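Trainee: For reference, the file upload34.txt (compact mmCIF, C-alpha atoms) is included below:
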# COMPACT_ATOMS: atom_id res chain seq x y z
CA MET X 252 2.95 1.51 -19.23
CA SER X 253 6.01 0.08 -20.93
CA ALA X 254 7.81 -2.98 -19.69
CA ALA X 255 10.12 -2.21 -16.82
CA PRO X 256 13.79 -2.36 -17.79
CA ARG X 257 16.05 -4.76 -15.88
CA SER X 258 19.43 -3.30 -15.05
CA VAL X 259 21.01 -5.93 -12.81
CA VAL X 260 21.16 -9.68 -12.46
CA VAL X 261 18.35 -10.92 -10.21
CA GLY X 262 20.56 -13.32 -8.24
CA PRO X 263 22.75 -10.92 -6.27
CA ALA X 264 20.31 -8.03 -6.48
CA ILE X 265 17.55 -9.81 -4.61
CA ALA X 266 19.39 -9.67 -1.27
CA PRO X 267 19.45 -5.85 -0.95
CA ALA X 268 15.81 -5.64 -2.04
CA VAL X 269 14.75 -8.24 0.52
CA LEU X 270 16.61 -6.37 3.25
CA VAL X 271 14.92 -3.07 2.39
CA CYS X 272 11.46 -4.61 2.15
CA ALA X 273 12.03 -6.53 5.39
CA ALA X 274 12.36 -3.18 7.13
CA ALA X 275 8.59 -2.78 6.73
CA PRO X 276 7.66 -5.62 9.13
CA ALA X 277 10.37 -4.37 11.49
CA PHE X 278 8.77 -0.90 11.53
CA PHE X 279 5.09 -1.80 11.37
CA VAL X 280 4.71 -5.34 12.77
CA LEU X 281 7.51 -5.76 15.30
CA GLN X 282 7.61 -1.98 15.85
CA VAL X 283 11.33 -2.02 16.59
CA PRO X 284 12.62 1.03 14.69
CA TRP X 285 16.34 0.35 15.09
CA VAL X 286 15.94 -3.02 13.36
CA GLY X 287 14.22 -1.27 10.46
CA TRP X 288 16.98 1.34 10.25
CA LEU X 289 19.64 -1.40 10.27
CA LEU X 290 17.90 -3.37 7.52
CA LEU X 291 17.57 -0.27 5.34
CA ALA X 292 21.23 0.59 5.84
CA LEU X 293 22.34 -2.96 5.06
CA GLY X 294 20.11 -3.17 2.00
CA ILE X 295 21.21 0.11 0.47
CA GLY X 296 24.83 -0.56 1.39
CA ALA X 297 24.70 -3.99 -0.27
CA ALA X 298 23.14 -2.50 -3.39
CA ALA X 299 25.84 0.17 -3.55
CA TRP X 300 28.52 -2.50 -3.18
CA LEU X 301 26.98 -4.53 -6.02
CA GLU X 302 26.73 -1.55 -8.34
CA ARG X 303 29.93 0.20 -7.30
CA GLY X 304 30.61 2.85 -9.94
CA ARG X 305 27.32 2.35 -11.78
CA ILE X 306 25.11 4.15 -9.26
CA ALA X 307 25.27 7.43 -11.16
CA ALA X 308 24.81 5.79 -14.58
CA SER X 309 21.90 6.77 -16.81
CA THR X 310 20.44 3.25 -16.55
CA PRO X 311 18.16 2.32 -13.61
CA SER X 312 20.14 2.06 -10.40
CA LEU X 313 19.16 -0.45 -7.73
CA THR X 314 20.80 1.70 -5.08
CA ARG X 315 18.89 4.82 -6.08
CA ASP X 316 15.59 3.00 -6.36
CA LEU X 317 15.93 1.20 -3.03
CA SER X 318 16.86 4.52 -1.42
CA LEU X 319 13.54 5.95 -2.63
CA ILE X 320 11.63 3.05 -1.05
CA ALA X 321 13.66 3.47 2.14
CA LEU X 322 12.92 7.19 2.20
CA GLY X 323 9.18 6.54 2.00
CA LEU X 324 9.33 3.89 4.73
CA LEU X 325 11.28 6.18 7.02
CA ILE X 326 8.76 8.99 6.61
CA VAL X 327 5.80 6.70 7.35
CA SER X 328 7.57 5.13 10.33
CA VAL X 329 7.86 8.42 12.21
CA ILE X 330 4.18 8.39 13.19
CA PRO X 331 2.06 5.81 15.01
CA LEU X 332 -0.37 4.21 12.58
CA ALA X 333 -3.11 3.44 15.09
CA ALA X 334 -6.37 4.72 13.63
CA GLU X 335 -7.43 7.96 15.31
CA LEU X 336 -9.92 10.57 14.17
CA ASP X 337 -9.01 13.76 16.04
CA ASN X 338 -7.71 16.78 14.13
CA LEU X 339 -4.09 16.32 15.17
CA ALA X 340 -4.05 12.64 14.19
CA MET X 341 -5.57 13.35 10.78
CA LEU X 342 -3.06 16.13 10.18
CA ARG X 343 -0.24 13.80 11.23
CA PHE X 344 -1.42 11.14 8.80
CA THR X 345 -1.79 13.67 5.99
CA LEU X 346 1.74 15.03 6.38
CA ALA X 347 3.48 11.68 6.88
CA LEU X 348 1.65 9.67 4.24
CA GLY X 349 1.66 12.56 1.78
CA GLY X 350 5.37 13.05 2.34
CA ALA X 351 6.07 9.36 1.81
CA VAL X 352 4.75 9.72 -1.75
CA ALA X 353 5.79 13.28 -2.58
CA VAL X 354 9.38 13.19 -1.28
CA PRO X 355 10.53 10.04 -3.16
CA TYR X 356 8.82 11.35 -6.29
CA ALA X 357 10.59 14.71 -5.99
CA VAL X 358 13.97 13.10 -5.29
CA SER X 359 13.57 10.75 -8.26
CA ARG X 360 12.61 13.54 -10.65
CA PHE X 361 14.69 16.48 -9.49
CA VAL X 362 17.71 14.88 -7.81
CA TYR X 363 18.20 11.56 -9.61
CA ARG X 364 16.51 12.89 -12.78
CA ASP X 365 15.35 9.46 -13.90
CA ARG X 366 11.54 9.77 -13.54
CA ALA X 367 11.34 6.35 -11.92
CA ILE X 368 7.98 7.09 -10.29
CA SER X 369 4.83 7.97 -12.21
CA PHE X 370 1.10 7.85 -11.62
CA PRO X 371 -0.60 6.59 -14.81
CA TRP X 372 -4.18 7.53 -13.98
CA ARG X 373 -5.91 6.05 -17.02
CA ALA X 374 -5.08 3.47 -19.64
CA HIS X 375 -5.86 4.21 -23.29
CA ARG X 376 -8.65 1.66 -23.42
CA ARG X 377 -12.02 1.24 -21.79
CA TRP X 378 -12.66 -1.19 -18.98
CA GLY X 379 -13.98 -4.47 -20.31
CA ARG X 380 -16.55 -6.86 -18.91
CA LEU X 381 -13.90 -8.55 -16.78
CA GLN X 382 -12.91 -5.25 -15.14
CA TRP X 383 -16.53 -4.27 -14.45
CA GLY X 384 -17.27 -7.77 -13.22
CA TRP X 385 -14.39 -7.63 -10.77
CA LEU X 386 -15.73 -4.38 -9.29
CA VAL X 387 -19.02 -6.12 -8.57
CA ALA X 388 -17.16 -9.14 -7.17
CA VAL X 389 -15.18 -6.92 -4.80
CA LEU X 390 -18.38 -5.58 -3.28
CA VAL X 391 -19.95 -9.03 -2.96
CA LEU X 392 -16.83 -10.66 -1.52
CA GLY X 393 -16.29 -7.76 0.87
CA TRP X 394 -19.91 -7.93 2.05
CA ALA X 395 -19.61 -11.68 2.64
CA ILE X 396 -16.15 -11.85 4.24
CA LEU X 397 -15.27 -8.58 5.95
CA PRO X 398 -18.03 -8.52 8.61
CA PHE X 399 -17.07 -12.03 9.70
CA TYR X 400 -13.38 -11.04 9.89
CA PHE X 401 -13.81 -7.72 11.69
CA ILE X 402 -16.46 -8.79 14.18
CA THR X 403 -15.54 -12.38 15.08
CA SER X 404 -11.84 -11.53 15.46
CA GLY X 405 -12.56 -8.31 17.34
CA VAL X 406 -10.20 -6.27 15.17
CA TYR X 407 -12.88 -3.63 14.65
CA GLN X 408 -11.85 -2.43 18.10
CA ASN X 409 -8.53 -1.32 16.57
CA TRP X 410 -10.55 1.56 15.09
CA PRO X 411 -12.11 4.21 17.35
CA VAL X 412 -15.78 4.11 18.24
CA VAL X 413 -17.79 6.08 15.70
CA ASP X 414 -21.14 6.93 17.25
CA THR X 415 -21.80 10.48 16.06
CA PRO X 416 -22.31 11.90 12.55
CA ASP X 417 -19.04 13.85 12.84
CA LEU X 418 -16.99 10.76 13.74
CA ILE X 419 -18.68 8.67 11.05
CA ALA X 420 -17.85 11.35 8.47
CA ARG X 421 -14.24 11.49 9.65
CA LEU X 422 -13.97 7.70 9.43
CA PHE X 423 -15.33 7.79 5.87
CA VAL X 424 -12.78 10.40 4.80
CA GLY X 425 -9.91 8.68 6.61
CA VAL X 426 -10.59 5.20 5.26
CA GLY X 427 -10.90 6.49 1.70
CA ALA X 428 -7.84 8.73 1.87
CA VAL X 429 -5.61 5.97 3.22
CA GLY X 430 -6.94 3.61 0.54
CA ILE X 431 -5.93 6.03 -2.23
CA TRP X 432 -2.54 6.53 -0.61
CA ASP X 433 -1.98 2.77 -0.49
CA GLU X 434 -2.05 2.61 -4.27
CA LEU X 435 0.11 5.70 -4.74
CA PHE X 436 2.82 4.34 -2.46
CA PHE X 437 2.74 0.55 -2.58
CA ILE X 438 1.86 0.16 -6.27
CA CYS X 439 3.03 3.33 -8.05
CA THR X 440 6.14 3.79 -5.91
CA VAL X 441 7.36 0.56 -4.28
CA PHE X 442 6.11 -1.87 -6.94
CA ALA X 443 7.11 0.38 -9.83
CA LEU X 444 10.65 0.81 -8.47
CA LEU X 445 11.11 -2.90 -7.86
CA ARG X 446 9.86 -3.77 -11.35
CA ARG X 447 12.80 -1.88 -12.82
CA HIS X 448 15.08 -4.62 -11.52
CA PHE X 449 13.09 -7.81 -10.99
CA PRO X 450 10.50 -9.95 -12.76
CA ASP X 451 6.95 -8.78 -12.16
CA ALA X 452 5.99 -11.72 -9.94
CA LEU X 453 8.99 -11.25 -7.66
CA ALA X 454 8.49 -7.48 -7.46
CA ASN X 455 4.84 -8.07 -6.60
CA VAL X 456 5.71 -10.42 -3.73
CA LEU X 457 8.21 -7.91 -2.35
CA GLN X 458 5.75 -5.00 -2.51
CA SER X 459 3.12 -7.13 -0.78
CA VAL X 460 5.46 -7.56 2.20
CA VAL X 461 5.57 -3.78 2.59
CA PHE X 462 1.83 -3.37 1.91
CA VAL X 463 0.68 -6.04 4.39
CA SER X 464 3.07 -4.82 7.10
CA PHE X 465 1.57 -1.34 6.92
CA LEU X 466 -1.96 -2.72 7.07
CA TRP X 467 -1.02 -4.78 10.14
CA GLU X 468 -0.11 -1.73 12.22
CA LEU X 469 -3.09 0.13 10.81
CA GLY X 470 -5.37 -2.48 12.41
CA TYR X 471 -5.72 -5.50 10.12
CA ARG X 472 -4.40 -7.98 12.69
CA GLU X 473 -5.29 -11.44 14.02
CA TRP X 474 -5.82 -13.50 10.87
CA GLY X 475 -6.01 -10.35 8.74
CA PRO X 476 -2.98 -11.28 6.57
CA VAL X 477 -5.03 -14.17 5.18
CA LEU X 478 -7.06 -11.42 3.50
CA THR X 479 -4.51 -8.65 3.05
CA ILE X 480 -1.79 -10.76 1.40
CA PRO X 481 -4.04 -11.88 -1.50
CA PHE X 482 -5.44 -8.34 -1.75
CA ALA X 483 -1.96 -6.80 -2.04
CA LEU X 484 -0.87 -9.35 -4.64
CA LEU X 485 -4.08 -8.91 -6.63
CA GLN X 486 -3.70 -5.13 -6.69
CA GLY X 487 -0.22 -5.50 -8.15
CA PHE X 488 -1.45 -8.02 -10.71
CA ILE X 489 -4.43 -5.86 -11.67
CA PHE X 490 -2.17 -2.86 -12.16
CA LEU X 491 0.00 -4.90 -14.52
CA ARG X 492 -3.05 -5.94 -16.54
CA THR X 493 -4.85 -2.59 -16.67
CA HIS X 494 -1.93 -0.11 -16.50
CA SER X 495 -4.47 2.13 -14.75
CA LEU X 496 -4.12 3.79 -11.38
CA ALA X 497 -7.76 4.81 -11.69
CA TYR X 498 -8.85 1.19 -11.80
CA VAL X 499 -6.81 -0.07 -8.84
CA VAL X 500 -7.94 2.95 -6.83
CA THR X 501 -11.56 2.19 -7.72
CA VAL X 502 -11.13 -1.42 -6.59
CA HIS X 503 -9.55 -0.27 -3.35
CA LEU X 504 -12.21 2.34 -2.64
CA LEU X 505 -15.00 -0.18 -3.17
CA PHE X 506 -13.25 -2.52 -0.74
CA ASP X 507 -12.82 0.34 1.72
CA ALA X 508 -16.46 1.33 1.36
CA VAL X 509 -17.36 -2.10 2.73
CA VAL X 510 -14.72 -1.72 5.46
CA PHE X 511 -16.29 1.61 6.43
CA GLY X 512 -19.76 0.09 6.54
CA VAL X 513 -18.58 -2.84 8.64
CA LEU X 514 -16.84 -0.58 11.16
CA VAL X 515 -19.94 1.60 11.53
CA HIS X 516 -22.07 -1.54 11.89
CA ALA X 517 -19.71 -3.13 14.43
CA HIS X 518 -19.69 -0.06 16.66
CA ASN X 519 -23.41 0.63 16.19
CA PRO X 520 -25.29 -2.69 15.87
CA GLY X 521 -28.49 -2.24 13.96
CA LEU X 522 -27.54 1.07 12.33
CA LEU X 523 -26.64 -0.66 9.03
CA PRO X 524 -28.65 -3.89 8.98
CA ILE X 525 -27.19 -5.09 5.68
CA PHE X 526 -24.62 -7.58 6.95
CA LEU X 527 -25.03 -11.21 7.94
CA VAL X 528 -22.88 -10.95 11.08
Written as structure tokens, how would this file's structure read?

Mentor:
Amino acid sequence: MSAAPRSVVVGPAIAPAVLVCAAAPAFFVLQVPWVGWLLLALGIGAAAWLERGRIAASTPSLTRDLSLIALGLLIVSVIPLAAELDNLAMLRFTLALGGAVAVPYAVSRFVYRDRAISFPWRAHRRWGRLQWGWLVAVLVLGWAILPFYFITSGVYQNWPVVDTPDLIARLFVGVGAVGIWDELFFICTVFALLRRHFPDALANVLQSVVFVSFLWELGYREWGPVLTIPFALLQGFIFLRTHSLAYVVTVHLLFDAVVFGVLVHAHNPGLLPIFLV
């Protein structure tokens, strides 16, 4: 993955980006849609005012890129994100989350014609000892921390009771699918678009605001942000180091495998006697 080009001065450009990213907590934490709509409108309007006649230029456009993020947020915001496992809920999640990735990608490629969004599945080098070591560390840290978080805070109750093989299977599929989507949207879409205009560290902080807000409505509440903020930032950092969607997805799926196990354990004490809590 090549270095992201910077097309505008960070100073004035940061305000529209902050407004657009702040729409995520309005949608998913406060759950006040009109505030989210207002923030998106103000952010894109401010970006258009800053760029004026340069929006249609061949160089990266802040207005166009923020509009793609806004489009994805709007699509996700049309459904409730409470975890449910019935057929209708899973279909609703599939259409909304899938659309939040596919529609901005299609608009970028076929309307804006700037290929701002891509999904670099593999880097052209093998994973080293550090990468393999981190995969092991994710499992160990998840095993040690997640049961304490989910059970002592009671947030496991934000997920439905899974006490039959069918429900357990649905939970497994749902947790994994959402985990993959997280990386497609927050890293390969939001983070990638922001990197075209801002330093990597700043873009990573902004994408983490969107990432953590989504996870909050999904169920990671109480003191969950103490875990989800570092996780979101680390995923962005890891993507910068590895240039590999496959790797960040693997990290996320390992983390989610522990989440799945903890949820099954919390709803069925004794079924998975592998946790300390």

Trainee: Could you tell me, as a list in words, which residues have any atom at most 10 Å from (3.0, 4.1, -7.3), counting all atoms listed in the file?

Mentor: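 The distance filter leaves exactly Val352, Tyr356, Ala367, Ile368, Ser369, Phe370, Pro371, Trp432, Asp433, Glu434, Leu435, Phe436, Phe437, Ile438, Cys439, Thr440, Val441, Phe442, Ala443, Leu444, Phe490 and Leu496 of chain X.
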
Trainee: Of the candidates X:Pro284, X:Gly425, X:Gly475, X:Gly487, which shows the shortest atom-to-atom distance to Phe399 in chain X, using all atoms listed in the file?

Mentor: X:Gly475

Trainee: Closest to Gln458 in chain X among X:Leu317, X:Val528, X:Val389, X:Leu289, using all atoms listed in the file?

Mentor: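 Going through X:Leu317, X:Val528, X:Val389, X:Leu289 one by one, the smallest distance to Gln458 in chain X is for X:Leu317.
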
Trainee: Determine the nearest neighbour of Trp410 in chain X from the options X:Arg472, X:Arg315, X:Arg303, X:Arg360, counting all atoms listed in the file.

Mentor: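 The shortest atom-to-atom distance to Trp410 in chain X comes from X:Arg472.
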
Trainee: With all atoms listed in the file as the atoms that count, which of X:Ala357, X:Ala334, X:Leu457, X:Ile525 lies nearest to Leu445 in chain X?

Mentor: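 Looking only at the distances to Leu445 in chain X, the closest residue turns out to be X:Leu457.
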
Trainee: Give me, please, the distance in Å between CA of Phe449 in chain X and CA of Ala274 in chain X, quoted to one decimal.

Mentor: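 About the pair CA of Phe449 in chain X and CA of Ala274 in chain X: they are 18.7 Å apart.
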
Trainee: For a quick check of understanding, using only C-alpha atoms, which of X:Ala508, X:Ala428, X:Asn409, X:Val461 has the smallest distance to Ala333 in chain X?

Mentor: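 Of the candidates, the smallest distance to Ala333 in chain X is held by X:Asn409.
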
Trainee: Would you pick out the contacts of Pro398 in chain X at 10 Å or less, using all atoms listed in the file, so that residues sharing its chain but fewer than 5 positions from it are not included, and give the list as a PDB file with C-alpha atoms, keeping the file's coordinate frame?

Mentor:
ATOM      1  CA  GLY X 393     -16.290  -7.760   0.870  1.00  0.00           C
ATOM      2  CA  THR X 403     -15.540 -12.380  15.080  1.00  0.00           C
ATOM      3  CA  SER X 404     -11.840 -11.530  15.460  1.00  0.00           C
ATOM      4  CA  TYR X 407     -12.880  -3.630  14.650  1.00  0.00           C
ATOM      5  CA  VAL X 509     -17.360  -2.100   2.730  1.00  0.00           C
ATOM      6  CA  VAL X 510     -14.720  -1.720   5.460  1.00  0.00           C
ATOM      7  CA  GLY X 512     -19.760   0.090   6.540  1.00  0.00           C
ATOM      8  CA  VAL X 513     -18.580  -2.840   8.640  1.00  0.00           C
ATOM      9  CA  LEU X 514     -16.840  -0.580  11.160  1.00  0.00           C
ATOM     10  CA  HIS X 516     -22.070  -1.540  11.890  1.00  0.00           C
ATOM     11  CA  ALA X 517     -19.710  -3.130  14.430  1.00  0.00           C
ATOM     12  CA  PHE X 526     -24.620  -7.580   6.950  1.00  0.00           C
ATOM     13  CA  LEU X 527     -25.030 -11.210   7.940  1.00  0.00           C
ATOM     14  CA  VAL X 528     -22.880 -10.950  11.080  1.00  0.00           C
TER      15      VAL X 528
END

Trainee: Which value, in Å to one decimal, gives the distance between CA of Leu466 in chain X and CA of Thr314 in chain X?

Mentor: 26.2 Å

Trainee: Rank nothing, just name the residue among X:Val426, X:Leu281, X:Leu453, X:Leu301 nearest to Met341 in chain X, using only C-alpha atoms.

Mentor: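 Selected residue with least distance to Met341 in chain X: X:Val426.
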
Trainee: With all atoms of range 347-350 of chain X from the file as input, state the centre and edge lengths in Å to one decimal of the axis-aligned box that has 8 Å extra on each side, as AutoDock Vina command-line options.

Mentor:
--center_x 3.5 --center_y 11.4 --center_z 4.3 --size_x 19.7 --size_y 19.4 --size_z 21.1

Trainee: Kindly give the distance, in Å, that separates CA of Asp365 in chain X and CA of Thr310 in chain X, rounded to a single decimal.

Mentor: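 Calculated distance between CA of Asp365 in chain X and CA of Thr310 in chain X is 8.5 Å.
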
Trainee: Residues within 10 Å of Leu270 in chain X, please, as a PyMOL selection string. Count all atoms listed in the file; anything in the same chain fewer than 4 positions from it doesn't count.

Mentor: chain X and resi 265-266+274-275+287+289-295+297+317

Trainee: Skip Gln382 in chain X itself and residues of its chain fewer than 4 positions away, then list as a VMD selection string all residues within 12 Å of it, counting only C-alpha atoms.

Mentor: chain X and resid 376 to 378 386 to 389 489 to 490 492 to 493 495 497 to 499 501 to 502

Trainee: At a cut-off of 8 Å, using all atoms listed in the file, what residues contact Pro355 in chain X? Leave out same-chain residues fewer than 2 positions from it and give the result as a short mmCIF file (atom, residue, chain, number, x, y, z; two decimals) with C-alpha atoms, in the frame of the given file.

Mentor:
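File produced: result.cif:
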data_model
loop_
_atom_site.label_atom_id
_atom_site.label_comp_id
_atom_site.auth_asym_id
_atom_site.auth_seq_id
_atom_site.Cartn_x
_atom_site.Cartn_y
_atom_site.Cartn_z
CA LEU X 319 13.54 5.95 -2.63
CA ILE X 320 11.63 3.05 -1.05
CA LEU X 322 12.92 7.19 2.20
CA GLY X 323 9.18 6.54 2.00
CA ALA X 351 6.07 9.36 1.81
CA VAL X 352 4.75 9.72 -1.75
CA ALA X 353 5.79 13.28 -2.58
CA ALA X 357 10.59 14.71 -5.99
CA VAL X 358 13.97 13.10 -5.29
CA SER X 359 13.57 10.75 -8.26
#

Trainee: Quick one: range 476-499 of chain X with N, CA and C atoms, as an mmCIF file, keeping the file's coordinate frame?

Mentor:
data_model
loop_
_atom_site.group_PDB
_atom_site.id
_atom_site.type_symbol
_atom_site.label_atom_id
_atom_site.label_comp_id
_atom_site.auth_asym_id
_atom_site.auth_seq_id
_atom_site.Cartn_x
_atom_site.Cartn_y
_atom_site.Cartn_z
ATOM 1 N N PRO X 476 -3.831 -11.023 7.736
ATOM 2 C CA PRO X 476 -2.980 -11.280 6.570
ATOM 3 C C PRO X 476 -3.524 -12.322 5.600
ATOM 4 N N VAL X 477 -4.401 -13.219 6.089
ATOM 5 C CA VAL X 477 -5.030 -14.170 5.180
ATOM 6 C C VAL X 477 -5.836 -13.438 4.110
ATOM 7 N N LEU X 478 -6.335 -12.253 4.450
ATOM 8 C CA LEU X 478 -7.060 -11.420 3.500
ATOM 9 C C LEU X 478 -6.161 -10.392 2.827
ATOM 10 N N THR X 479 -5.281 -9.767 3.603
ATOM 11 C CA THR X 479 -4.510 -8.650 3.050
ATOM 12 C C THR X 479 -3.394 -9.099 2.109
ATOM 13 N N ILE X 480 -2.834 -10.295 2.320
ATOM 14 C CA ILE X 480 -1.790 -10.760 1.400
ATOM 15 C C ILE X 480 -2.367 -10.985 -0.003
ATOM 16 N N PRO X 481 -3.468 -11.755 -0.149
ATOM 17 C CA PRO X 481 -4.040 -11.880 -1.500
ATOM 18 C C PRO X 481 -4.473 -10.539 -2.094
ATOM 19 N N PHE X 482 -5.004 -9.648 -1.249
ATOM 20 C CA PHE X 482 -5.440 -8.340 -1.750
ATOM 21 C C PHE X 482 -4.254 -7.565 -2.313
ATOM 22 N N ALA X 483 -3.142 -7.535 -1.575
ATOM 23 C CA ALA X 483 -1.960 -6.800 -2.040
ATOM 24 C C ALA X 483 -1.423 -7.380 -3.337
ATOM 25 N N LEU X 484 -1.367 -8.700 -3.426
ATOM 26 C CA LEU X 484 -0.870 -9.350 -4.640
ATOM 27 C C LEU X 484 -1.808 -9.091 -5.818
ATOM 28 N N LEU X 485 -3.111 -9.156 -5.564
ATOM 29 C CA LEU X 485 -4.080 -8.910 -6.630
ATOM 30 C C LEU X 485 -4.002 -7.478 -7.147
ATOM 31 N N GLN X 486 -3.801 -6.525 -6.250
ATOM 32 C CA GLN X 486 -3.700 -5.130 -6.690
ATOM 33 C C GLN X 486 -2.503 -4.934 -7.603
ATOM 34 N N GLY X 487 -1.376 -5.571 -7.265
ATOM 35 C CA GLY X 487 -0.220 -5.500 -8.150
ATOM 36 C C GLY X 487 -0.492 -6.146 -9.487
ATOM 37 N N PHE X 488 -1.123 -7.310 -9.476
ATOM 38 C CA PHE X 488 -1.450 -8.020 -10.710
ATOM 39 C C PHE X 488 -2.422 -7.214 -11.567
ATOM 40 N N ILE X 489 -3.439 -6.646 -10.926
ATOM 41 C CA ILE X 489 -4.430 -5.860 -11.670
ATOM 42 C C ILE X 489 -3.784 -4.642 -12.317
ATOM 43 N N PHE X 490 -2.863 -4.013 -11.599
ATOM 44 C CA PHE X 490 -2.170 -2.860 -12.160
ATOM 45 C C PHE X 490 -1.372 -3.253 -13.403
ATOM 46 N N LEU X 491 -0.756 -4.430 -13.361
ATOM 47 C CA LEU X 491 0.000 -4.900 -14.520
ATOM 48 C C LEU X 491 -0.914 -5.135 -15.724
ATOM 49 N N ARG X 492 -2.131 -5.626 -15.457
ATOM 50 C CA ARG X 492 -3.050 -5.940 -16.540
ATOM 51 C C ARG X 492 -3.748 -4.697 -17.088
ATOM 52 N N THR X 493 -4.079 -3.751 -16.230
ATOM 53 C CA THR X 493 -4.850 -2.590 -16.670
ATOM 54 C C THR X 493 -3.992 -1.369 -16.970
ATOM 55 N N HIS X 494 -2.786 -1.299 -16.362
ATOM 56 C CA HIS X 494 -1.930 -0.110 -16.500
ATOM 57 C C HIS X 494 -2.670 1.151 -16.055
ATOM 58 N N SER X 495 -3.597 1.010 -15.117
ATOM 59 C CA SER X 495 -4.470 2.130 -14.750
ATOM 60 C C SER X 495 -4.525 2.316 -13.251
ATOM 61 N N LEU X 496 -3.996 3.439 -12.789
ATOM 62 C CA LEU X 496 -4.120 3.790 -11.380
ATOM 63 C C LEU X 496 -5.580 4.010 -11.023
ATOM 64 N N ALA X 497 -6.346 4.558 -11.957
ATOM 65 C CA ALA X 497 -7.760 4.810 -11.690
ATOM 66 C C ALA X 497 -8.480 3.507 -11.352
ATOM 67 N N TYR X 498 -8.143 2.444 -12.040
ATOM 68 C CA TYR X 498 -8.850 1.190 -11.800
ATOM 69 C C TYR X 498 -8.476 0.590 -10.451
ATOM 70 N N VAL X 499 -7.188 0.530 -10.125
ATOM 71 C CA VAL X 499 -6.810 -0.070 -8.840
ATOM 72 C C VAL X 499 -7.310 0.782 -7.674
#
